[in-house]
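S.K.: I'm passing along data_30.pdb; it holds PDB, C-alpha atoms, pLDDT in the B column.
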```
ATOM      1  CA  MET M 177      57.320 151.474  87.030  1.00 61.00           C
ATOM      2  CA  ALA M 178      61.015 152.001  86.377  1.00 67.00           C
ATOM      3  CA  CYS M 179      62.409 152.153  82.868  1.00 81.00           C
ATOM      4  CA  GLN M 180      64.188 149.147  81.392  1.00 82.00           C
ATOM      5  CA  SER M 181      67.664 150.658  81.878  1.00 79.00           C
ATOM      6  CA  CYS M 182      66.921 151.423  85.524  1.00 82.00           C
ATOM      7  CA  GLN M 183      65.671 147.891  86.107  1.00 86.00           C
ATOM      8  CA  LYS M 184      68.811 146.437  84.494  1.00 84.00           C
ATOM      9  CA  ALA M 185      71.019 148.631  86.666  1.00 85.00           C
ATOM     10  CA  ARG M 186      69.118 147.749  89.839  1.00 88.00           C
ATOM     11  CA  GLN M 187      69.307 144.013  89.100  1.00 90.00           C
ATOM     12  CA  ALA M 188      73.020 144.199  88.304  1.00 88.00           C
ATOM     13  CA  VAL M 189      73.786 146.115  91.506  1.00 90.00           C
ATOM     14  CA  SER M 190      71.841 143.545  93.514  1.00 92.00           C
ATOM     15  CA  ALA M 191      73.668 140.649  91.828  1.00 91.00           C
ATOM     16  CA  SER M 192      77.008 142.389  92.352  1.00 91.00           C
ATOM     17  CA  PHE M 193      76.323 142.875  96.056  1.00 91.00           C
ATOM     18  CA  LYS M 194      75.287 139.229  96.452  1.00 92.00           C
ATOM     19  CA  ALA M 195      78.495 138.124  94.721  1.00 92.00           C
ATOM     20  CA  LEU M 196      80.564 140.354  97.018  1.00 90.00           C
ATOM     21  CA  VAL M 197      78.896 138.841 100.061  1.00 92.00           C
ATOM     22  CA  MET M 198      79.720 135.373  98.737  1.00 91.00           C
ATOM     23  CA  GLY M 199      83.328 136.434  98.062  1.00 92.00           C
ATOM     24  CA  ASP M 200      83.128 136.060  94.268  1.00 91.00           C
ATOM     25  CA  MET M 201      85.014 139.143  93.112  1.00 93.00           C
ATOM     26  CA  LYS M 202      85.034 138.229  89.426  1.00 92.00           C
ATOM     27  CA  THR M 203      81.231 137.983  89.245  1.00 92.00           C
ATOM     28  CA  ALA M 204      80.863 141.105  91.385  1.00 91.00           C
ATOM     29  CA  ALA M 205      83.046 143.078  88.981  1.00 92.00           C
ATOM     30  CA  GLY M 206      81.123 141.796  85.963  1.00 91.00           C
ATOM     31  CA  GLU M 207      77.772 142.712  87.481  1.00 90.00           C
ATOM     32  CA  ALA M 208      79.070 146.140  88.494  1.00 91.00           C
ATOM     33  CA  SER M 209      80.155 146.675  84.900  1.00 91.00           C
ATOM     34  CA  LYS M 210      76.629 145.797  83.725  1.00 89.00           C
ATOM     35  CA  ALA M 211      75.180 148.317  86.186  1.00 90.00           C
ATOM     36  CA  ILE M 212      77.495 151.043  84.884  1.00 91.00           C
ATOM     37  CA  SER M 213      76.545 150.239  81.294  1.00 91.00           C
ATOM     38  CA  ALA M 214      72.835 150.407  82.090  1.00 88.00           C
ATOM     39  CA  ALA M 215      73.290 153.738  83.874  1.00 89.00           C
ATOM     40  CA  ALA M 216      75.253 155.104  80.908  1.00 91.00           C
ATOM     41  CA  GLU M 217      72.483 153.933  78.566  1.00 89.00           C
ATOM     42  CA  LYS M 218      69.930 155.828  80.669  1.00 88.00           C
ATOM     43  CA  ALA M 219      72.103 158.947  80.758  1.00 89.00           C
ATOM     44  CA  GLU M 220      72.485 158.892  76.976  1.00 91.00           C
ATOM     45  CA  SER M 221      68.729 158.514  76.580  1.00 88.00           C
ATOM     46  CA  MET M 222      68.135 161.494  78.852  1.00 89.00           C
ATOM     47  CA  ARG M 223      70.753 163.548  76.984  1.00 90.00           C
ATOM     48  CA  VAL M 224      69.099 162.837  73.646  1.00 89.00           C
ATOM     49  CA  ARG M 225      65.701 163.768  75.061  1.00 88.00           C
ATOM     50  CA  ALA M 226      67.089 167.049  76.406  1.00 90.00           C
ATOM     51  CA  ILE M 227      68.640 167.916  73.037  1.00 90.00           C
ATOM     52  CA  THR M 228      65.580 167.012  70.977  1.00 89.00           C
ATOM     53  CA  GLY M 229      63.057 168.347  73.500  1.00 84.00           C
ATOM     54  CA  ARG M 230      61.127 165.060  73.607  1.00 70.00           C
ATOM     55  CA  ARG M 231      59.551 163.666  76.739  1.00 61.00           C
TER      56      ARG M 231
END
```
Give the structure from this file in structure tokens form.
M.R.:
Amino acid sequence: MACQSCQKARQAVSASFKALVMGDMKTAAGEASKAISAAAEKAESMRVRAITGRR
């Protein structure tokens, strides 16, 4: 089971790709932005874990 941030990123990438296929660049850009935010959230979580030594 993927973490919540990973699921958000995966869903946003899928939605972005679908919007690109349909030619809707504005929606595609918005969904891509959501995917980047979710990935950044995951990276921050991993950074904090590495610093604190938590798993």
S.K.: If you apply the PyMOL selection byres ((chain M and resi 192-196) around 10) to this file, what residues do you get, as a VMD selection string?
M.R.: chain M and resid 186 to 191 197 to 211
S.K.: Create the file for the chosen residues now, containing C-alpha atoms and written as a short mmCIF file (atom, residue, chain, number, x, y, z; two decimals), in the frame of the given file.
M.R.:
```cif
data_model
loop_
_atom_site.label_atom_id
_atom_site.label_comp_id
_atom_site.auth_asym_id
_atom_site.auth_seq_id
_atom_site.Cartn_x
_atom_site.Cartn_y
_atom_site.Cartn_z
CA ARG M 186 69.12 147.75 89.84
CA GLN M 187 69.31 144.01 89.10
CA ALA M 188 73.02 144.20 88.30
CA VAL M 189 73.79 146.12 91.51
CA SER M 190 71.84 143.54 93.51
CA ALA M 191 73.67 140.65 91.83
CA VAL M 197 78.90 138.84 100.06
CA MET M 198 79.72 135.37 98.74
CA GLY M 199 83.33 136.43 98.06
CA ASP M 200 83.13 136.06 94.27
CA MET M 201 85.01 139.14 93.11
CA LYS M 202 85.03 138.23 89.43
CA THR M 203 81.23 137.98 89.24
CA ALA M 204 80.86 141.10 91.38
CA ALA M 205 83.05 143.08 88.98
CA GLY M 206 81.12 141.80 85.96
CA GLU M 207 77.77 142.71 87.48
CA ALA M 208 79.07 146.14 88.49
CA SER M 209 80.16 146.68 84.90
CA LYS M 210 76.63 145.80 83.72
CA ALA M 211 75.18 148.32 86.19
#
```
S.K.: What gap, in Å, lies between atom CA of M:Ala219 and atom CA of M:Ser181?
M.R.: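 Interatomic distance here is 9.5 Å.
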S.K.: Mind pulling up the distance from atom CA of M:Ala216 to atom CA of M:Gln183?
M.R.: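 It comes out at 13.1 Å.
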S.K.: What is the distance, in Å and to one decimal place, between atom CA of M:Arg223 and atom CA of M:Gln180?
M.R.: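 A separation of 16.4 Å between them.
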S.K.: Pick out the residues sitting within 8 Å of M:Cys182, and hand them over as a list in words; count all atoms listed in the file, and ignore anything fewer than 5 positions along from it in its own chain.
M.R.: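 Returned residues: Ala214, Ala215 and Lys218 of chain M.
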S.K.: With N, CA and C atoms as the goal, would you fill in the gaps in stretch 196-226 of chain M and present it as an mmCIF file, in the coordinates of the input?
M.R.:
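Now in out_11.cif:
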```cif
data_model
loop_
_atom_site.group_PDB
_atom_site.id
_atom_site.type_symbol
_atom_site.label_atom_id
_atom_site.label_comp_id
_atom_site.auth_asym_id
_atom_site.auth_seq_id
_atom_site.Cartn_x
_atom_site.Cartn_y
_atom_site.Cartn_z
ATOM 1 N N LEU M 196 79.579 139.852 96.052
ATOM 2 C CA LEU M 196 80.564 140.354 97.018
ATOM 3 C C LEU M 196 80.400 139.659 98.362
ATOM 4 N N VAL M 197 79.159 139.508 98.784
ATOM 5 C CA VAL M 197 78.896 138.841 100.061
ATOM 6 C C VAL M 197 79.406 137.406 100.028
ATOM 7 N N MET M 198 79.269 136.760 98.880
ATOM 8 C CA MET M 198 79.720 135.373 98.737
ATOM 9 C C MET M 198 81.233 135.287 98.485
ATOM 10 N N GLY M 199 81.885 136.414 98.274
ATOM 11 C CA GLY M 199 83.328 136.434 98.062
ATOM 12 C C GLY M 199 83.754 136.203 96.620
ATOM 13 N N ASP M 200 82.826 136.285 95.689
ATOM 14 C CA ASP M 200 83.128 136.060 94.268
ATOM 15 C C ASP M 200 83.406 137.406 93.589
ATOM 16 N N MET M 201 84.644 137.823 93.625
ATOM 17 C CA MET M 201 85.014 139.143 93.112
ATOM 18 C C MET M 201 84.858 139.253 91.594
ATOM 19 N N LYS M 202 85.131 138.192 90.884
ATOM 20 C CA LYS M 202 85.034 138.229 89.426
ATOM 21 C C LYS M 202 83.587 138.490 88.991
ATOM 22 N N THR M 203 82.650 137.772 89.569
ATOM 23 C CA THR M 203 81.231 137.983 89.245
ATOM 24 C C THR M 203 80.789 139.365 89.697
ATOM 25 N N ALA M 204 81.236 139.790 90.875
ATOM 26 C CA ALA M 204 80.863 141.105 91.385
ATOM 27 C C ALA M 204 81.323 142.201 90.427
ATOM 28 N N ALA M 205 82.525 142.079 89.918
ATOM 29 C CA ALA M 205 83.046 143.078 88.981
ATOM 30 C C ALA M 205 82.255 143.068 87.678
ATOM 31 N N GLY M 206 81.910 141.901 87.192
ATOM 32 C CA GLY M 206 81.123 141.796 85.963
ATOM 33 C C GLY M 206 79.748 142.413 86.113
ATOM 34 N N GLU M 207 79.105 142.148 87.236
ATOM 35 C CA GLU M 207 77.772 142.712 87.481
ATOM 36 C C GLU M 207 77.849 144.225 87.674
ATOM 37 N N ALA M 208 78.898 144.702 88.326
ATOM 38 C CA ALA M 208 79.070 146.140 88.494
ATOM 39 C C ALA M 208 79.251 146.816 87.138
ATOM 40 N N SER M 209 79.969 146.149 86.252
ATOM 41 C CA SER M 209 80.155 146.675 84.900
ATOM 42 C C SER M 209 78.814 146.774 84.165
ATOM 43 N N LYS M 210 77.963 145.769 84.334
ATOM 44 C CA LYS M 210 76.629 145.797 83.725
ATOM 45 C C LYS M 210 75.812 146.970 84.271
ATOM 46 N N ALA M 211 75.921 147.214 85.568
ATOM 47 C CA ALA M 211 75.180 148.317 86.186
ATOM 48 C C ALA M 211 75.650 149.663 85.622
ATOM 49 N N ILE M 212 76.946 149.800 85.445
ATOM 50 C CA ILE M 212 77.495 151.043 84.884
ATOM 51 C C ILE M 212 77.026 151.224 83.452
ATOM 52 N N SER M 213 77.010 150.160 82.685
ATOM 53 C CA SER M 213 76.545 150.239 81.294
ATOM 54 C C SER M 213 75.077 150.642 81.218
ATOM 55 N N ALA M 214 74.263 150.069 82.080
ATOM 56 C CA ALA M 214 72.835 150.407 82.090
ATOM 57 C C ALA M 214 72.629 151.863 82.486
ATOM 58 N N ALA M 215 73.401 152.343 83.454
ATOM 59 C CA ALA M 215 73.290 153.738 83.874
ATOM 60 C C ALA M 215 73.739 154.673 82.750
ATOM 61 N N ALA M 216 74.782 154.293 82.036
ATOM 62 C CA ALA M 216 75.253 155.104 80.908
ATOM 63 C C ALA M 216 74.209 155.138 79.795
ATOM 64 N N GLU M 217 73.549 154.008 79.568
ATOM 65 C CA GLU M 217 72.483 153.933 78.566
ATOM 66 C C GLU M 217 71.350 154.899 78.928
ATOM 67 N N LYS M 218 70.983 154.932 80.196
ATOM 68 C CA LYS M 218 69.930 155.828 80.669
ATOM 69 C C LYS M 218 70.372 157.281 80.520
ATOM 70 N N ALA M 219 71.597 157.580 80.868
ATOM 71 C CA ALA M 219 72.103 158.947 80.758
ATOM 72 C C ALA M 219 72.099 159.413 79.302
ATOM 73 N N GLU M 220 72.484 158.550 78.399
ATOM 74 C CA GLU M 220 72.485 158.892 76.976
ATOM 75 C C GLU M 220 71.058 159.151 76.494
ATOM 76 N N SER M 221 70.138 158.334 76.936
ATOM 77 C CA SER M 221 68.729 158.514 76.580
ATOM 78 C C SER M 221 68.216 159.865 77.070
ATOM 79 N N MET M 222 68.567 160.207 78.287
ATOM 80 C CA MET M 222 68.135 161.494 78.852
ATOM 81 C C MET M 222 68.787 162.659 78.109
ATOM 82 N N ARG M 223 70.050 162.490 77.721
ATOM 83 C CA ARG M 223 70.753 163.548 76.984
ATOM 84 C C ARG M 223 70.087 163.795 75.646
ATOM 85 N N VAL M 224 69.749 162.711 74.939
ATOM 86 C CA VAL M 224 69.099 162.837 73.646
ATOM 87 C C VAL M 224 67.737 163.506 73.797
ATOM 88 N N ARG M 225 67.008 163.141 74.823
ATOM 89 C CA ARG M 225 65.701 163.768 75.061
ATOM 90 C C ARG M 225 65.854 165.258 75.309
ATOM 91 N N ALA M 226 66.869 165.631 76.080
ATOM 92 C CA ALA M 226 67.089 167.049 76.406
ATOM 93 C C ALA M 226 67.432 167.833 75.139
#
```
